[in-house]
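*Asks:* Dropping in structure.txt, which is compact mmCIF, C-alpha atoms:
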# COMPACT_ATOMS: atom_id res chain seq x y z
CA ALA A 8 24.76 35.51 114.28
CA GLU A 9 24.77 34.98 118.02
CA THR A 10 21.40 36.69 118.38
CA LEU A 11 19.91 34.76 115.48
CA LYS A 12 21.22 31.47 116.83
CA GLU A 13 20.16 31.98 120.44
CA SER A 14 16.95 33.99 120.03
CA GLY A 15 15.72 32.86 116.63
CA ASN A 16 16.88 29.23 116.60
CA TYR A 17 18.76 29.85 113.36
CA SER A 18 21.32 27.47 111.93
CA THR A 19 24.28 29.74 111.23
CA ALA A 20 27.35 29.60 109.02
CA MET A 21 30.16 31.86 107.84
CA TYR A 22 32.50 31.21 104.91
CA GLY A 23 35.33 33.30 103.48
CA LYS A 24 37.07 36.44 104.67
CA TRP A 25 36.75 36.89 108.43
CA HIS A 26 38.88 40.03 108.97
CA LEU A 27 37.18 40.77 112.28
CA GLY A 28 40.09 40.06 114.58
CA GLY A 29 40.82 37.02 116.68
CA GLN A 30 43.67 35.88 118.86
CA ILE A 31 46.31 33.22 118.40
CA PRO A 32 46.00 30.54 121.09
CA ALA A 33 49.34 30.76 122.85
CA ASN A 34 51.19 30.80 126.11
CA LEU A 35 50.79 34.50 126.82
CA GLU A 36 53.94 34.56 128.91
CA ASP A 37 55.89 33.88 125.73
CA GLY A 38 53.97 36.44 123.69
CA ILE A 39 52.64 36.35 120.15
CA ASN A 40 54.87 36.14 117.08
CA MET A 41 53.09 37.64 114.06
CA THR A 42 56.02 36.89 111.73
CA ARG A 43 55.49 33.16 112.28
CA PRO A 44 51.79 32.93 113.18
CA LEU A 45 51.49 29.24 112.30
CA THR A 46 54.85 27.73 113.28
CA HIS A 47 56.11 29.70 116.26
CA TRP A 48 56.73 27.28 119.10
CA SER A 49 54.56 29.19 121.59
CA HIS A 50 51.44 29.08 119.39
CA ASN A 51 49.17 26.15 120.20
CA TRP A 52 47.06 25.35 117.14
CA SER A 53 45.61 22.25 118.72
CA ARG A 54 43.27 24.88 120.17
CA PRO A 55 40.88 26.99 118.08
CA LEU A 56 41.36 30.58 117.02
CA ILE A 57 40.17 32.77 119.89
CA ASP A 58 37.22 35.06 119.10
CA GLY A 59 36.73 33.52 115.67
CA PRO A 60 33.35 32.82 114.04
CA GLN A 61 32.71 29.84 116.31
CA ASP A 62 32.85 32.19 119.31
CA THR A 63 30.44 34.74 117.85
CA GLY A 64 27.45 32.62 116.96
CA PHE A 65 28.45 30.72 113.82
CA ALA A 66 27.86 26.98 114.19
CA SER A 67 29.73 26.23 110.97
CA SER A 68 32.62 28.15 109.43
CA LEU A 69 35.54 27.95 107.03
CA ILE A 70 37.52 31.17 107.02
CA SER A 71 40.82 32.82 106.39
CA THR A 72 41.54 35.57 108.87
CA SER A 73 42.43 38.21 106.24
CA GLY A 74 40.85 36.98 103.04
CA ILE A 75 43.44 36.65 100.28
CA GLN A 76 45.46 39.74 101.12
CA ARG A 77 47.82 38.68 103.93
CA SER A 78 49.02 35.73 105.97
CA PRO A 79 48.29 33.31 107.35
CA TYR A 80 47.41 31.86 103.95
CA SER A 81 45.45 29.01 105.48
CA TYR A 82 41.88 28.11 106.33
CA PHE A 83 40.33 27.62 109.74
CA ARG A 84 37.36 25.27 109.99
CA ASP A 85 35.15 25.92 113.01
CA GLY A 86 38.10 27.77 114.50
CA PHE A 87 40.70 25.05 113.99
CA LEU A 88 43.66 25.47 111.65
CA THR A 89 43.35 23.06 108.70
CA THR A 90 47.08 23.05 107.87
CA LYS A 91 49.45 20.72 109.69
CA LYS A 92 52.26 22.63 111.35
CA SER A 93 54.81 20.39 109.62
CA ASP A 94 53.34 21.29 106.22
CA VAL A 95 53.40 25.08 106.63
CA VAL A 96 55.42 26.97 104.02
CA SER A 97 56.67 30.55 103.82
CA TRP A 98 55.15 32.19 100.78
CA GLU A 99 57.17 34.91 99.06
CA LYS A 100 55.63 37.73 97.02
CA GLY A 101 54.80 36.51 93.53
CA ARG A 102 52.38 34.64 91.31
CA TYR A 103 52.16 30.87 91.43
CA SER A 104 50.60 28.34 89.06
CA MET A 105 47.91 26.41 90.92
CA PRO A 106 45.12 24.07 89.77
CA ARG A 107 42.55 26.87 89.44
CA GLY A 108 44.77 29.61 88.05
CA LYS A 109 47.55 31.99 89.06
CA SER A 110 47.55 32.38 92.83
CA ALA A 111 48.97 35.71 93.98
CA ILE A 112 50.86 36.69 97.11
CA ASP A 113 51.35 40.42 97.73
CA ARG A 114 52.64 40.18 101.30
CA PRO A 115 55.08 37.38 102.25
CA GLY A 116 53.98 35.12 105.05
CA GLU A 117 53.23 31.61 106.28
CA GLY A 118 50.49 29.44 104.90
CA ASP A 119 49.27 26.19 103.45
CA PRO A 120 51.31 24.67 100.60
CA ASP A 121 48.11 24.35 98.55
CA TRP A 122 46.98 27.94 99.07
CA ASP A 123 45.32 29.21 95.90
CA SER A 124 43.88 32.71 95.96
CA SER A 125 42.32 32.15 92.53
CA ALA A 126 40.07 29.43 94.00
CA TYR A 127 38.92 31.45 97.00
CA ASN A 128 35.51 32.63 95.83
CA MET A 129 34.56 29.26 94.41
CA ILE A 130 35.39 27.63 97.75
CA VAL A 131 33.00 30.07 99.45
CA VAL A 132 30.25 29.18 96.98
CA ASN A 133 30.78 25.43 97.40
CA GLU A 134 30.84 25.63 101.19
CA THR A 135 27.59 27.60 101.16
CA ALA A 136 25.89 25.00 98.97
CA ILE A 137 27.09 22.17 101.22
CA PHE A 138 25.77 23.94 104.32
CA ILE A 139 22.34 24.67 102.84
CA ASP A 140 21.95 21.11 101.53
CA ALA A 141 22.98 19.66 104.89
CA HIS A 142 20.46 21.92 106.63
CA ILE A 143 17.68 20.83 104.28
CA ASP A 144 18.50 17.16 104.91
CA SER A 145 18.78 17.54 108.68
CA ASP A 146 16.17 17.21 111.42
CA ARG A 147 16.27 21.02 111.62
CA SER A 148 15.07 21.56 108.07
CA GLU A 149 12.07 23.57 109.26
CA ASP A 150 14.28 25.97 111.26
CA PRO A 151 15.59 29.18 109.66
CA TRP A 152 19.20 29.51 108.55
CA PHE A 153 21.69 32.32 108.09
CA VAL A 154 24.86 32.33 105.95
CA TYR A 155 27.47 35.07 105.86
CA ALA A 156 29.38 34.43 102.62
CA ALA A 157 32.36 36.81 102.47
CA LEU A 158 34.05 36.72 99.09
CA GLY A 159 37.69 37.59 98.54
CA ALA A 160 36.72 39.53 95.42
CA VAL A 161 37.53 42.05 94.39
CA HIS A 162 40.28 42.81 96.86
CA THR A 163 43.92 42.71 95.86
CA PRO A 164 45.92 40.75 94.95
CA HIS A 165 43.80 40.37 91.83
CA SER A 166 44.01 36.69 90.97
CA PRO A 167 41.07 35.55 88.83
CA PRO A 168 40.70 31.81 88.17
CA ASP A 169 41.27 30.42 84.71
CA PHE A 170 37.72 29.06 84.69
CA TYR A 171 34.67 29.38 86.92
CA LEU A 172 32.76 26.44 88.42
CA ASP A 173 30.51 26.20 85.35
CA GLY A 174 33.51 26.07 83.01
CA ALA A 175 33.22 29.67 81.86
CA PRO A 176 36.64 31.28 81.21
CA ILE A 177 37.49 34.13 83.58
CA ALA A 178 41.17 35.13 83.51
CA GLY A 179 42.01 37.27 80.50
CA THR A 180 38.42 37.84 79.41
CA GLN A 181 38.34 41.49 80.56
CA LYS A 182 40.72 44.42 80.21
CA THR A 183 42.43 43.93 83.58
CA ARG A 184 42.77 41.26 86.27
CA HIS A 185 40.70 43.53 88.50
CA MET A 186 37.85 43.43 86.00
CA ASP A 187 38.30 39.67 85.60
CA MET A 188 37.72 39.32 89.34
CA LEU A 189 34.71 41.62 89.15
CA TYR A 190 33.30 39.31 86.48
CA GLU A 191 34.01 36.29 88.68
CA MET A 192 32.29 38.02 91.60
CA ASP A 193 29.19 38.44 89.44
CA LYS A 194 29.35 34.72 88.68
CA ALA A 195 29.78 33.85 92.36
CA VAL A 196 26.84 36.00 93.46
CA GLY A 197 24.79 34.43 90.68
CA SER A 198 25.72 30.99 91.98
CA LEU A 199 24.68 31.87 95.51
CA VAL A 200 21.32 33.15 94.28
CA ALA A 201 20.88 30.04 92.12
CA ILE A 202 21.58 27.79 95.12
CA ILE A 203 18.61 29.38 96.86
CA GLU A 204 16.33 29.42 93.82
CA ASP A 205 17.11 25.85 92.72
CA ARG A 206 16.14 24.53 96.14
CA GLY A 207 12.84 26.38 96.18
CA LEU A 208 13.90 28.74 98.96
CA ALA A 209 13.72 32.09 97.17
CA ASN A 210 10.29 33.11 98.43
CA ASN A 211 11.39 32.71 102.04
CA THR A 212 14.94 34.07 101.90
CA ILE A 213 16.35 37.58 102.27
CA ILE A 214 19.55 38.28 100.33
CA MET A 215 21.73 41.23 101.36
CA PHE A 216 24.71 42.26 99.21
CA THR A 217 27.20 44.72 100.70
CA SER A 218 30.79 45.85 100.17
CA ASP A 219 33.33 46.87 102.79
CA ASN A 220 35.55 48.87 100.44
CA GLY A 221 35.39 51.51 97.76
CA GLY A 222 36.98 51.31 94.35
CA VAL A 223 40.61 50.98 93.31
CA GLU A 224 42.56 54.23 93.50
CA PRO A 225 43.16 55.70 90.03
CA LYS A 226 46.72 55.62 88.77
Written as structure tokens, that's how I'd like the structure from this file.
*Replies:*
Amino acid sequence: AETLKESGNYSTAMYGKWHLGGQIPANLEDGINMTRPLTHWSHNWSRPLIDGPQDTGFASSLISTSGIQRSPYSYFRDGFLTTKKSDVVSWEKGRYSMPRGKSAIDRPGEGDPDWDSSAYNMIVVNETAIFIDAHIDSDRSEDPWFVYAALGAVHTPHSPPDFYLDGAPIAGTQKTRHMDMLYEMDKAVGSLVAIIEDRGLANNTIIMFTSDNGGVEPK
């Protein structure tokens, strides 16, 4: 992203699972507390995440540092934590009823009170659409753009939404929650492609689809 931005004049964005490291902004003399990453007194979240997307070439970003799989269960926009420190909650392992479906926590940890793992992929899709539309409407509309859209699917904890953005039912439509999420991933990728096609950008856009993991271990 940094090379594209600086050498190719690209408008760049990253949405979803970061999982590429980063450092908590803190008074290093007091150390880092990974048990309380959001509320420990020595962590200064008025400052941005160090070595996050905004430091590696992405002009726009909305990320969680570890996708849906571990804390902090909160989003960072352009490096800045979106959850107020006073609102942070400690999530315990379990499944929770949220507006989009059953949110799942496998590993206890701090996060936003509205965290909803079942909404994760749809948030990535919506953020991508907003970015592309804003780019088209900007004075840089003739410049190229690059989006890294990192879905939470189909990593555990498997937490498919009740319904997708188009109203299609997801949860419970397949044999397992894992397969439900695979179905949702297909819908999300379809949405991302449709965003490009509907705006007449398909003939001038390269789409790359990759995975960073293999399959689920057989039981």
*Asks:* As an MDAnalysis selection string, please: the residues near Pro164 (chain A) (cut-off 9 Å, all atoms listed in the file, same-chain neighbours under 4 positions excluded).
*Replies:* chainID A and resid 75:76 110:113 124 185
*Asks:* Residues within 12 Å of Ser93 (chain A), please, as a list of chain:residue names. Count all atoms listed in the file; anything in the same chain fewer than 5 positions from it doesn't count.
*Replies:*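 Listed by chain and then number, they are A:Leu45, A:Thr46, A:His47, A:Trp48, A:Trp52, A:Glu117, A:Gly118, A:Asp119, A:Pro120.
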*Asks:* Would you list the contacts of Thr89 (chain A) as a list in words, taking every protein, DNA or RNA residue within 10 Å and counting all atoms listed in the file, but skipping same-chain residues closer than 5 positions in sequence?
*Replies:* Trp52, Leu69, Ser81, Tyr82, Phe83, Arg84 and Asp119 of chain A
*Asks:* In Å, how far is it from CA of Gly159 (chain A) to CA of Gly74 (chain A)?
*Replies:* 5.5 Å
*Asks:* Extract, using all atoms listed in the file, all DNA, RNA and protein residues at most 8 Å from Leu56 (chain A), discarding same-chain residues fewer than 5 positions from it, and format them as a PyMOL selection string.
*Replies:* chain A and resi 29-32+83+86-88
*Asks:* Give me, as a tab-separated table, each residue of region 103-150 of chain A that comes within 10 Å of region 190-209 of chain A, together with its shortest interatomic pair and the distance in Å at one decimal, counting all atoms listed in the file, with rows ordered by chain and rising residue number.
*Replies:*
residue	atom	partner	partner_atom	distance
A:Asn128	CA	A:Ala195	CA	6.8
A:Met129	CA	A:Ala195	CA	6.9
A:Ile130	CA	A:Ala195	CA	10.0
A:Val131	CA	A:Ala195	CA	8.7
A:Val132	CA	A:Leu199	CA	6.4
A:Asn133	CA	A:Leu199	CA	9.1
A:Thr135	CA	A:Leu199	CA	7.7
A:Ala136	CA	A:Ile202	CA	6.4
A:Ile137	CA	A:Ile202	CA	10.0
A:Ile139	CA	A:Ile202	CA	8.4
A:Asp140	CA	A:Arg206	CA	8.6
A:Ile143	CA	A:Arg206	CA	9.1
*Asks:* Using all atoms listed in the file, can you list as a PyMOL selection string the residues within 7 Å of (48.9, 42.3, 105.1)?
*Replies:* chain A and resi 76-78+114
